[in-house]
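Q: Here it is: the structure, laid out below.
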Amino acid sequence: MLITLCYLYLWVRWGRRPAALVRSTVQRLRASRCSFTFCRAAAQPRGARVCLSRGGRVFCVGESQSVDDLNKWALFLVSPFVLEAEHIAFVTESIWARGDSFQKPSSPETVVKWSDCCLPLACRPGDPHQLIAKASVDNFSKLGVAFLEERLQMDDGLIAQKIVSVNLKDSALKDVSEASTKQVPALPLNPEHSLKADPVQGVMEHSGQGNLKAAGEGSSLPRGGCASGSEPTANADPGQGSSEHHQLHLSSCHECLELENSTIESVRFASAENIPDLPYDHSSSVEGAVDEIYPEWEQKRVNISGKAPNILLYVGSSSEEALGRLQQVRSVLTDCVDSDSYTLYHLLEDSALRDPWPDNCLLLVIANREPIPKDIHQRFMAYLSQGGKVLGLSSSFTFGGFQVTSRDVLQNTAQNLVFTKADGSEVRLSVLSSGYVYEEGLNPGKLQGHLENPEKDKTIVHVPFGSHGGEAVLCQVYLELPPSVSMVQTQEDFDLLKSSNMRRHEVLREILTTLGLSCDSRQVPALTPLYLLLATEEMQDSFSQWLGRHVDSEGVKKSSKLSLKFTSSYVPGVEITPSFIPVVTDPEAFSSEHFNLETYRLNLQTSRLGKVILFAEVTSTTMSLLDGLMFEMPQEMGLIAIAIRQTQGKGRGPNAWLSPVGCALFTLLVSIPLRSQLGQRIPFVQHLMSLAVVEAVRSIPEYEDINLRVKWPNDIYYSDLMKIGGVLVNSTLMGETFYILIGCGFNVTNSNPTICINDLIAEHNKQHQAGLKPLRADYLIARAVTVLEKLIDTFQDQGPDGILSLYYKYWVHSGQQVRLGGAEGPQVSIVGLDDCGFLQVHQKSGEVVTVHPDGNSFDMLRNLILPKRQ
């Protein structure tokens with residue numbers, strides 16, 4: 001009580017010049033267990049003693065508060081960080097400015113900038129936004145007085161609500177010092193910060209709603225930072241508050257929220273005659289305590305220039321429909337942009353008004369269908385006027401004189417679109433219409449799109465805005481929706497949209513590139529080790545004995561293309577190249593999200609094929625993996641190489657086979673005696689493999705109507721519309737045996753950029769109200785190998801007649817009319833396959849022409865058979 005009365009006496013003595021009082025109080029009690037707080041009166045911590053009061057704000061002293069774990073904060077790395085003896089660590093708690101809520105001081109000279117007086121250490125984005133910083137006693141006092149007198153100016157539109165000194169424990173300082181020595185760029189002060197390099201270990205990801213998730217515990221801080229602090233953290237407990245993670249009693253803490261409604265005990269002014277004078281350090285004048293500037297921060301200030309690589313997605317309300325739309329937009333943008341360069345965030349309605357998101361937004365995507373509130377529309381226009389970029393996806397957002405008009409007859413129908421690119425070239429594709437078009441409008445930009453109807457309805461407009469480079473591309477066709485979306489009602493529309501799916505992505509990439517984003521291909525994934533897996537455990541001993549006889553003393557099996565080093569375990573850090581790959585032989589060391597060995601084992605019903613598996617998550621091409629083993633391994637061991645991704649997949653001729661996750665990829669070794677039915681007709685091998693994949697799906701009960709087809713000579717198709725897979729065969733004759741490597745890849749779960757088997761299943765369910773389950777790649781690989789072995793056995797017994805009836809059942813060419821040599825060439829009818837597996841066509845003259853697959857390419861889209869050019 002005596003101390004409180006003394007402070008009151010000094011307040012009376014110094015009146016409206018409290019700087020020296022604050023400074024001397026902080027200096028005197030700095031080394032004690034006291035904590036200094038500048039706050040609104042209603043938020044005064046329990047048990048604190050008021051030293052100064054100015055209007056609704058107070059300076060008070062209470063029990064010391066500590067921070068022992070900075071891993072729960074996003075660090076501003078300053079190297080090295082040391083809390084000097086004469087410095088104070090503190091937390092500033094702020095809110096975002098709303099409209100006219102921030103009142104500028106009458107004289108700019110009296111403004112005290114927060115960033116000029118302290119060195120930021122860490123932040124926790126959210127509402128309120130929290131910053132840990134350090135400052136000298138003088139600068140801390142200067143900040144406090146400016147706060148009391150409403151002269152304190154924060155960065156980025158923040159308004160300070162509370163400043164609390166804290167005790168940073170040695171453990172926290174040690175962690176910061178270790179982190180600051182790492183070569184990681186500093187975070188900008190803005191809460192929508194960017195991490196353009198990997199985050200420091202231990203930095204926490206903040207959700208803006210009190211949810212925290214530790215990096216290094218199954219998560220990582222996103223590369224792009226947090227936009228407005230409103231992006232939820234995946235798998236976090238929504239009920240977990242920030243007060244559970246640190247000891248700071250701020251207004252975000254549950255205990256302090258309860259204090260908001262508590263009253264502050266009145267302090268009675270005592271008589272000055274009964275209060276002794278306290279000693280006071282007169283080394284600094286009152287004015288000096290207020291106006292002195294300490295330049296030490298100027299050389300260490302964090303660089304806050306530039307924008308974080310954030311793409312913000314606005315879908316309006318938080319309804320279930322809007323959140324579903326959010327996921328659709330997020331999915332298609334992830335497919336189009338370089339995901340290693342950008343981070344996508346959900347921009348909530350309240351954040352759109354409150355937070356300073358324009359400062360760190362490279363692209364604003366507006367995908368709401370309901371009218372946009374006027375104040376949010378104004379905020380979006382302000383962003384545009386500052387040079388912002390906007391993409392409107394089937395949204396009501398318009399400006400520049402453009403109006404949206406309803407065309408009910410077009411709603412949710414597949415329409416032909418003519419899209420003009422920036423270079424003037426055109427792309428024609430089928431799109432799903434929203435039922436709205438654009439009318440009027442001035443000064444359209446270089447991109448545009450119109451429906452191919454008599455009215456040439458505008459559905460894509462490019463609108464430059466302002467003098468700072470702002471621009472928007474507005475669309476009224478559903479470029480964001482996949483063809484499998486429920487609003488596509490007919491099978492015909494689904495077929496049209498799926499056929500144009502790759503061009504839909506092409507149009508989106510053109511739009512995004514025009515708006516300044518990078519849509520370059522993602523980085524090639526790093527190669528992974530191989531795992532040696534056996535389809536039956538009974539093979540373990542015999543294979544181990546064979547392997548021991550065929551590797552050198554270091555466990556290496558060399559071939560002309562690569563070396564395989566067999567080892568019981570893989571040591572991370574060992575370099576893996578296309579020519580040197582470690583093979584892990586311990587089955588206990590194997591695990592994969594995408595390949596289940598038990599599923600494969602249960603569905604592989606063969607006597608010799610596919611028994612010994614070389615599996616890789618990422619490899620250059622499965623075609624080369626069997627090179628050193630294929631001529632020496634016993635035929636009954638049946639080699640197969642399976643991969644989840646290939647970086648150098650091969651197709652026919654110079655073609656590359658793209659292999660995203662979700663594609664079934666394998667190379668199978670098959671040995672065929674030269675003097676056998678199939679040995680005399682080796683071209684049939686590719687037909688049998690294509691047929692095996694189709695039959696593997698369509699022989700499953702209830703999956704008979706999934707419209708997979710074979711296309712001569714080596715493709716797997718959806719109907720006669722789109723390629724869904726392919727086969728590549730390499731054969732080597734040694735003595736009396738053909739050693740054949742059959743490379744095969746077909747889309748199972750990867751919908752984009754074309755189509756996959758599970759797309760066909762989903763569409764079948766929608767059209768027939770069925771409930772067929774999606775299929776897995778490991779399941780279908782095992783079934784395809786099983787079917788292939790049966791087809792080979794049948795062919796060896798009966799020749800071509802044993803399999804052609806099934807082949808013709810599924811092939812796409814029955815009765816097809818094509819032209820030979822070009823668009824002006826003679827028209828012929830496809831007859832079938834000859835005795836060697838080559839395509840036969842029937843000319844009007846009655847002549848039958850045989851077309852060899854190695855000398856011709858068959859263009860399904862143009863119905864041409866073209867001789868291969870030499």
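Residue numbers start at 1 in each chain; chains themselves are named A, B, ... in the order of the structure tokens; ligands are numbered from 1 in the order shown.
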Contacts of stretch 438-453 of chain A at 6 Å or less, counting only C-alpha atoms, minus same-chain residues fewer than 2 places along, as a VMD selection string?
A: chain A and resid 400 to 404 416 to 422 455 to 463
Q: I'd like the neighbourhood of A:Ile716 as an mmCIF file with C-alpha atoms, in the first residue's frame, where a residue qualifies if any of its atoms comes within 7 Å (using only C-alpha atoms), though same-chain residues fewer than 4 positions away should be ignored.
A:
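The resulting file, out_15.cif, is reproduced below:
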```cif
data_model
loop_
_atom_site.group_PDB
_atom_site.id
_atom_site.type_symbol
_atom_site.label_atom_id
_atom_site.label_comp_id
_atom_site.auth_asym_id
_atom_site.auth_seq_id
_atom_site.Cartn_x
_atom_site.Cartn_y
_atom_site.Cartn_z
ATOM 1 C CA SER A 690 -4.349 -54.159 -72.549
ATOM 2 C CA ARG A 709 -12.082 -50.448 -73.699
ATOM 3 C CA VAL A 710 -8.966 -51.563 -75.574
ATOM 4 C CA LYS A 711 -7.633 -49.530 -78.480
ATOM 5 C CA LYS A 723 -6.947 -42.672 -73.019
ATOM 6 C CA ILE A 724 -6.812 -44.050 -69.507
ATOM 7 C CA GLY A 725 -3.673 -46.193 -69.791
ATOM 8 C CA GLY A 726 -1.115 -47.763 -72.075
#
```
Q: Give me, as a Markdown table, each residue of stretch 442-543 of chain A that comes within 12 Å of stretch 587-598 of chain A, together with its shortest interatomic pair and the distance in Å at one decimal, counting only C-alpha atoms, with rows ordered by chain and rising residue number.
A:
```
| residue | atom | partner | partner_atom | distance |
| --- | --- | --- | --- | --- |
| A:Thr528 | CA | A:Ser592 | CA | 11.9 |
| A:Pro529 | CA | A:Phe590 | CA | 10.5 |
| A:Leu530 | CA | A:Phe590 | CA | 9.6 |
| A:Tyr531 | CA | A:Phe590 | CA | 6.8 |
| A:Leu532 | CA | A:Pro587 | CA | 7.2 |
| A:Leu533 | CA | A:Pro587 | CA | 6.4 |
| A:Leu534 | CA | A:Pro587 | CA | 8.6 |
| A:Ala535 | CA | A:Leu597 | CA | 7.9 |
| A:Thr536 | CA | A:Glu598 | CA | 10.1 |
| A:Glu537 | CA | A:Pro587 | CA | 10.3 |
| A:Gln540 | CA | A:Pro587 | CA | 10.4 |
```
Q: Could you write those residues out with all heavy atoms, as a PDB file, in the first residue's frame?
A:
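Printed below is part_5.pdb as written:
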```pdb
ATOM      1  N   THR A 528      13.585 -42.841 -54.415  1.00  0.00           N
ATOM      2  CA  THR A 528      13.530 -43.558 -53.138  1.00  0.00           C
ATOM      3  C   THR A 528      14.122 -44.948 -53.311  1.00  0.00           C
ATOM      4  O   THR A 528      14.249 -45.449 -54.433  1.00  0.00           O
ATOM      5  CB  THR A 528      12.082 -43.681 -52.647  1.00  0.00           C
ATOM      6  OG1 THR A 528      11.324 -44.445 -53.604  1.00  0.00           O
ATOM      7  CG2 THR A 528      11.431 -42.308 -52.480  1.00  0.00           C
ATOM      8  N   PRO A 529      14.483 -45.610 -52.210  1.00  0.00           N
ATOM      9  CA  PRO A 529      15.021 -46.964 -52.340  1.00  0.00           C
ATOM     10  C   PRO A 529      13.955 -47.952 -52.786  1.00  0.00           C
ATOM     11  O   PRO A 529      12.755 -47.695 -52.682  1.00  0.00           O
ATOM     12  CB  PRO A 529      15.499 -47.284 -50.909  1.00  0.00           C
ATOM     13  CG  PRO A 529      14.681 -46.403 -50.034  1.00  0.00           C
ATOM     14  CD  PRO A 529      14.452 -45.145 -50.815  1.00  0.00           C
ATOM     15  N   LEU A 530      14.427 -49.086 -53.302  1.00  0.00           N
ATOM     16  CA  LEU A 530      13.536 -50.189 -53.635  1.00  0.00           C
ATOM     17  C   LEU A 530      13.339 -51.079 -52.407  1.00  0.00           C
ATOM     18  O   LEU A 530      14.197 -51.134 -51.521  1.00  0.00           O
ATOM     19  CB  LEU A 530      14.128 -51.035 -54.770  1.00  0.00           C
ATOM     20  CG  LEU A 530      14.204 -50.401 -56.158  1.00  0.00           C
ATOM     21  CD1 LEU A 530      15.010 -51.298 -57.086  1.00  0.00           C
ATOM     22  CD2 LEU A 530      12.824 -50.164 -56.723  1.00  0.00           C
ATOM     23  N   TYR A 531      12.203 -51.767 -52.390  1.00  0.00           N
ATOM     24  CA  TYR A 531      11.944 -52.771 -51.356  1.00  0.00           C
ATOM     25  C   TYR A 531      11.686 -54.097 -52.050  1.00  0.00           C
ATOM     26  O   TYR A 531      10.908 -54.176 -53.009  1.00  0.00           O
ATOM     27  CB  TYR A 531      10.756 -52.372 -50.501  1.00  0.00           C
ATOM     28  CG  TYR A 531      11.062 -51.224 -49.562  1.00  0.00           C
ATOM     29  CD1 TYR A 531      10.917 -49.904 -49.982  1.00  0.00           C
ATOM     30  CD2 TYR A 531      11.524 -51.460 -48.274  1.00  0.00           C
ATOM     31  CE1 TYR A 531      11.228 -48.851 -49.148  1.00  0.00           C
ATOM     32  CE2 TYR A 531      11.831 -50.412 -47.416  1.00  0.00           C
ATOM     33  CZ  TYR A 531      11.678 -49.108 -47.860  1.00  0.00           C
ATOM     34  OH  TYR A 531      11.986 -48.067 -47.019  1.00  0.00           O
ATOM     35  N   LEU A 532      12.352 -55.127 -51.581  1.00  0.00           N
ATOM     36  CA  LEU A 532      12.160 -56.469 -52.111  1.00  0.00           C
ATOM     37  C   LEU A 532      11.039 -57.148 -51.321  1.00  0.00           C
ATOM     38  O   LEU A 532      11.155 -57.361 -50.109  1.00  0.00           O
ATOM     39  CB  LEU A 532      13.451 -57.278 -51.993  1.00  0.00           C
ATOM     40  CG  LEU A 532      13.386 -58.727 -52.458  1.00  0.00           C
ATOM     41  CD1 LEU A 532      13.083 -58.794 -53.952  1.00  0.00           C
ATOM     42  CD2 LEU A 532      14.678 -59.459 -52.138  1.00  0.00           C
ATOM     43  N   LEU A 533       9.947 -57.480 -52.017  1.00  0.00           N
ATOM     44  CA  LEU A 533       8.773 -58.075 -51.377  1.00  0.00           C
ATOM     45  C   LEU A 533       8.429 -59.370 -52.106  1.00  0.00           C
ATOM     46  O   LEU A 533       8.602 -59.468 -53.324  1.00  0.00           O
ATOM     47  CB  LEU A 533       7.584 -57.104 -51.444  1.00  0.00           C
ATOM     48  CG  LEU A 533       7.833 -55.679 -50.927  1.00  0.00           C
ATOM     49  CD1 LEU A 533       6.637 -54.790 -51.235  1.00  0.00           C
ATOM     50  CD2 LEU A 533       8.136 -55.675 -49.435  1.00  0.00           C
ATOM     51  N   LEU A 534       7.931 -60.338 -51.369  1.00  0.00           N
ATOM     52  CA  LEU A 534       7.586 -61.631 -51.942  1.00  0.00           C
ATOM     53  C   LEU A 534       6.102 -61.887 -51.781  1.00  0.00           C
ATOM     54  O   LEU A 534       5.523 -61.618 -50.722  1.00  0.00           O
ATOM     55  CB  LEU A 534       8.392 -62.742 -51.266  1.00  0.00           C
ATOM     56  CG  LEU A 534       9.921 -62.599 -51.358  1.00  0.00           C
ATOM     57  CD1 LEU A 534      10.599 -63.714 -50.582  1.00  0.00           C
ATOM     58  CD2 LEU A 534      10.384 -62.591 -52.804  1.00  0.00           C
ATOM     59  N   ALA A 535       5.489 -62.412 -52.860  1.00  0.00           N
ATOM     60  CA  ALA A 535       4.049 -62.649 -52.836  1.00  0.00           C
ATOM     61  C   ALA A 535       3.675 -63.786 -51.901  1.00  0.00           C
ATOM     62  O   ALA A 535       2.549 -63.841 -51.407  1.00  0.00           O
ATOM     63  CB  ALA A 535       3.537 -62.937 -54.250  1.00  0.00           C
ATOM     64  N   THR A 536       4.613 -64.705 -51.662  1.00  0.00           N
ATOM     65  CA  THR A 536       4.383 -65.788 -50.706  1.00  0.00           C
ATOM     66  C   THR A 536       5.608 -65.918 -49.808  1.00  0.00           C
ATOM     67  O   THR A 536       6.753 -65.834 -50.285  1.00  0.00           O
ATOM     68  CB  THR A 536       4.120 -67.128 -51.420  1.00  0.00           C
ATOM     69  OG1 THR A 536       5.250 -67.465 -52.221  1.00  0.00           O
ATOM     70  CG2 THR A 536       2.875 -67.045 -52.295  1.00  0.00           C
ATOM     71  N   GLU A 537       5.373 -66.141 -48.520  1.00  0.00           N
ATOM     72  CA  GLU A 537       6.487 -66.256 -47.588  1.00  0.00           C
ATOM     73  C   GLU A 537       7.294 -67.525 -47.837  1.00  0.00           C
ATOM     74  O   GLU A 537       8.477 -67.594 -47.466  1.00  0.00           O
ATOM     75  CB  GLU A 537       5.953 -66.236 -46.154  1.00  0.00           C
ATOM     76  CG  GLU A 537       5.293 -64.913 -45.791  1.00  0.00           C
ATOM     77  CD  GLU A 537       4.751 -64.905 -44.365  1.00  0.00           C
ATOM     78  OE1 GLU A 537       4.874 -65.966 -43.698  1.00  0.00           O
ATOM     79  OE2 GLU A 537       4.230 -63.863 -43.934  1.00  0.00           O
ATOM     80  N   GLN A 540      10.792 -67.261 -49.495  1.00  0.00           N
ATOM     81  CA  GLN A 540      11.856 -66.504 -48.857  1.00  0.00           C
ATOM     82  C   GLN A 540      13.196 -67.233 -48.913  1.00  0.00           C
ATOM     83  O   GLN A 540      14.218 -66.678 -49.330  1.00  0.00           O
ATOM     84  CB  GLN A 540      11.479 -66.198 -47.406  1.00  0.00           C
ATOM     85  CG  GLN A 540      12.507 -65.357 -46.657  1.00  0.00           C
ATOM     86  CD  GLN A 540      12.584 -63.940 -47.190  1.00  0.00           C
ATOM     87  OE1 GLN A 540      11.570 -63.265 -47.339  1.00  0.00           O
ATOM     88  NE2 GLN A 540      13.793 -63.487 -47.497  1.00  0.00           N
TER      89      GLN A 540
END
```
Q: Fewer than 2 positions away in the same chain doesn't count, so skip those; otherwise give me all residues within 12 Å of A:Ser845, counting only C-alpha atoms, as a list in words.
A: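 Here the answer would be Pro826, Gln827, Val828, Ser829, Val841, His842, Gln843, Glu847, Val848 and Val849 of chain A.
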Q: Please, which residues of stretch 410-651 of chain A, numbered as in this document, come out alpha helix (DSSP H) from DSSP, as a VMD selection string?
A: chain A and resid 491 to 499 501 to 514 540 to 550 597 to 603
Q: Give me the residues near stretch 552-565 of chain A as a PyMOL selection string, where near means some atom within 7 Å (using only C-alpha atoms) and where sequence neighbours in that chain fewer than 4 positions away do not count.
A: chain A and resi 578-583+624+627-628
Q: Can you work out the spacing between atom CA of A:Leu515 and atom CA of A:Phe465 in Å, to one decimal?
A: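 We find that atom CA of A:Leu515 and atom CA of A:Phe465 lie 12.5 Å from each other.
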Q: Which of stretch 348-415 of chain A counts as strand (DSSP E or B) under DSSP, as a list in words please?
A: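 Selection result, strand (DSSP E or B) within stretch 348-415 of chain A: Leu363, Leu364, Val365, Ile366, Lys389, Val390, Leu391, Gly392, Leu393, Phe402, Gln403, Val404, Thr405, Ser406, Ala414 and Gln415 of chain A.
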Q: I need the chosen residues saved as a short mmCIF file (atom, residue, chain, number, x, y, z; two decimals), in the first residue's frame, with N, CA, C and O atoms.
A:
```cif
data_model
loop_
_atom_site.label_atom_id
_atom_site.label_comp_id
_atom_site.auth_asym_id
_atom_site.auth_seq_id
_atom_site.Cartn_x
_atom_site.Cartn_y
_atom_site.Cartn_z
N LEU A 363 -3.00 -13.05 -54.95
CA LEU A 363 -4.20 -13.26 -55.76
C LEU A 363 -5.38 -13.49 -54.82
O LEU A 363 -5.30 -14.31 -53.90
N LEU A 364 -6.46 -12.77 -55.07
CA LEU A 364 -7.71 -12.98 -54.36
C LEU A 364 -8.66 -13.73 -55.29
O LEU A 364 -8.97 -13.26 -56.39
N VAL A 365 -9.09 -14.91 -54.87
CA VAL A 365 -10.03 -15.71 -55.65
C VAL A 365 -11.40 -15.59 -55.00
O VAL A 365 -11.58 -15.93 -53.82
N ILE A 366 -12.37 -15.09 -55.75
CA ILE A 366 -13.73 -14.89 -55.24
C ILE A 366 -14.62 -15.94 -55.89
O ILE A 366 -14.79 -15.95 -57.11
N LYS A 389 -4.69 -8.42 -57.68
CA LYS A 389 -5.15 -9.32 -58.75
C LYS A 389 -6.32 -10.15 -58.22
O LYS A 389 -6.25 -10.69 -57.11
N VAL A 390 -7.37 -10.25 -59.03
CA VAL A 390 -8.59 -10.94 -58.61
C VAL A 390 -9.00 -11.95 -59.68
O VAL A 390 -8.94 -11.66 -60.87
N LEU A 391 -9.40 -13.13 -59.23
CA LEU A 391 -10.00 -14.13 -60.10
C LEU A 391 -11.39 -14.43 -59.58
O LEU A 391 -11.55 -14.90 -58.45
N GLY A 392 -12.39 -14.13 -60.40
CA GLY A 392 -13.77 -14.43 -60.02
C GLY A 392 -14.22 -15.72 -60.68
O GLY A 392 -14.15 -15.86 -61.90
N LEU A 393 -14.66 -16.67 -59.88
CA LEU A 393 -15.09 -17.97 -60.39
C LEU A 393 -16.58 -18.14 -60.11
O LEU A 393 -16.98 -18.38 -58.97
N PHE A 402 -19.48 -3.94 -66.01
CA PHE A 402 -19.99 -5.26 -66.40
C PHE A 402 -21.16 -5.66 -65.50
O PHE A 402 -21.15 -5.41 -64.30
N GLN A 403 -22.14 -6.28 -66.12
CA GLN A 403 -23.30 -6.75 -65.39
C GLN A 403 -23.51 -8.23 -65.68
O GLN A 403 -23.20 -8.72 -66.76
N VAL A 404 -24.02 -8.95 -64.67
CA VAL A 404 -24.29 -10.37 -64.81
C VAL A 404 -25.76 -10.55 -65.13
O VAL A 404 -26.63 -10.05 -64.42
N THR A 405 -26.03 -11.27 -66.23
CA THR A 405 -27.40 -11.52 -66.67
C THR A 405 -27.67 -13.01 -66.68
O THR A 405 -26.81 -13.80 -67.10
N SER A 406 -28.86 -13.38 -66.25
CA SER A 406 -29.21 -14.79 -66.18
C SER A 406 -29.62 -15.33 -67.54
O SER A 406 -30.32 -14.67 -68.31
N ALA A 414 -23.52 -28.47 -70.40
CA ALA A 414 -22.23 -28.43 -71.08
C ALA A 414 -22.36 -27.56 -72.32
O ALA A 414 -23.25 -27.76 -73.15
N GLN A 415 -21.49 -26.56 -72.44
CA GLN A 415 -21.51 -25.62 -73.56
C GLN A 415 -20.12 -25.54 -74.18
O GLN A 415 -19.11 -25.75 -73.51
#
```
Q: So which residues touch stretch 145-162 of chain A within 7 Å, counting only C-alpha atoms, skipping near sequence neighbours fewer than 3 positions away, as an NGL selection string?
A: :A and (18-19 or 38-40 or 54 or 57-58 or 92-97 or 105 or 110-114 or 141-142 or 190 or 356)
Q: In Å to one decimal, how far is atom CA of A:Phe795 from atom CA of A:Leu839?
A: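 Separation between atom CA of A:Leu839 and atom CA of A:Phe795: 18.2 Å.
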Q: Can you list, as a list in words, every protein, DNA or RNA residue that comes within 8 Å of A:Ser620 when you count only C-alpha atoms, leaving out same-chain residues fewer than 4 positions away?
A: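 Surrounding residues, per the criterion: Leu527, Pro578, Gln646, Thr647, Gln648 and Gly649 of chain A.
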Q: Quick one: write out the picked residues with N, CA, C and O atoms as a JSON list (two decimals), in the first residue's frame?
A:
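Result file part_36.json:
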```json
[["chain", "number", "residue", "atom", "x", "y", "z"],
["A", 527, "LEU", "N", 14.35, -39.63, -55.82],
["A", 527, "LEU", "CA", 14.23, -41.07, -55.93],
["A", 527, "LEU", "C", 14.27, -41.72, -54.55],
["A", 527, "LEU", "O", 14.92, -41.23, -53.63],
["A", 578, "PRO", "N", 19.46, -42.92, -60.86],
["A", 578, "PRO", "CA", 18.87, -43.90, -61.78],
["A", 578, "PRO", "C", 19.78, -45.09, -62.06],
["A", 578, "PRO", "O", 19.31, -46.14, -62.48],
["A", 646, "GLN", "N", 6.84, -42.26, -61.34],
["A", 646, "GLN", "CA", 8.01, -42.36, -62.21],
["A", 646, "GLN", "C", 8.42, -40.95, -62.62],
["A", 646, "GLN", "O", 7.57, -40.11, -62.89],
["A", 647, "THR", "N", 9.71, -40.71, -62.65],
["A", 647, "THR", "CA", 10.19, -39.40, -63.09],
["A", 647, "THR", "C", 10.56, -39.39, -64.56],
["A", 647, "THR", "O", 10.68, -38.33, -65.17],
["A", 648, "GLN", "N", 10.77, -40.58, -65.16],
["A", 648, "GLN", "CA", 11.15, -40.66, -66.58],
["A", 648, "GLN", "C", 10.39, -41.79, -67.25],
["A", 648, "GLN", "O", 10.97, -42.63, -67.94],
["A", 649, "GLY", "N", 9.07, -41.83, -67.04],
["A", 649, "GLY", "CA", 8.26, -42.87, -67.65],
["A", 649, "GLY", "C", 8.33, -42.83, -69.17],
["A", 649, "GLY", "O", 8.46, -41.76, -69.76]]
```
Q: Using only C-alpha atoms, which of A:Leu131, A:Val61, A:Val785, A:Ala367 sits nearest A:Thr606?
A: A:Val785
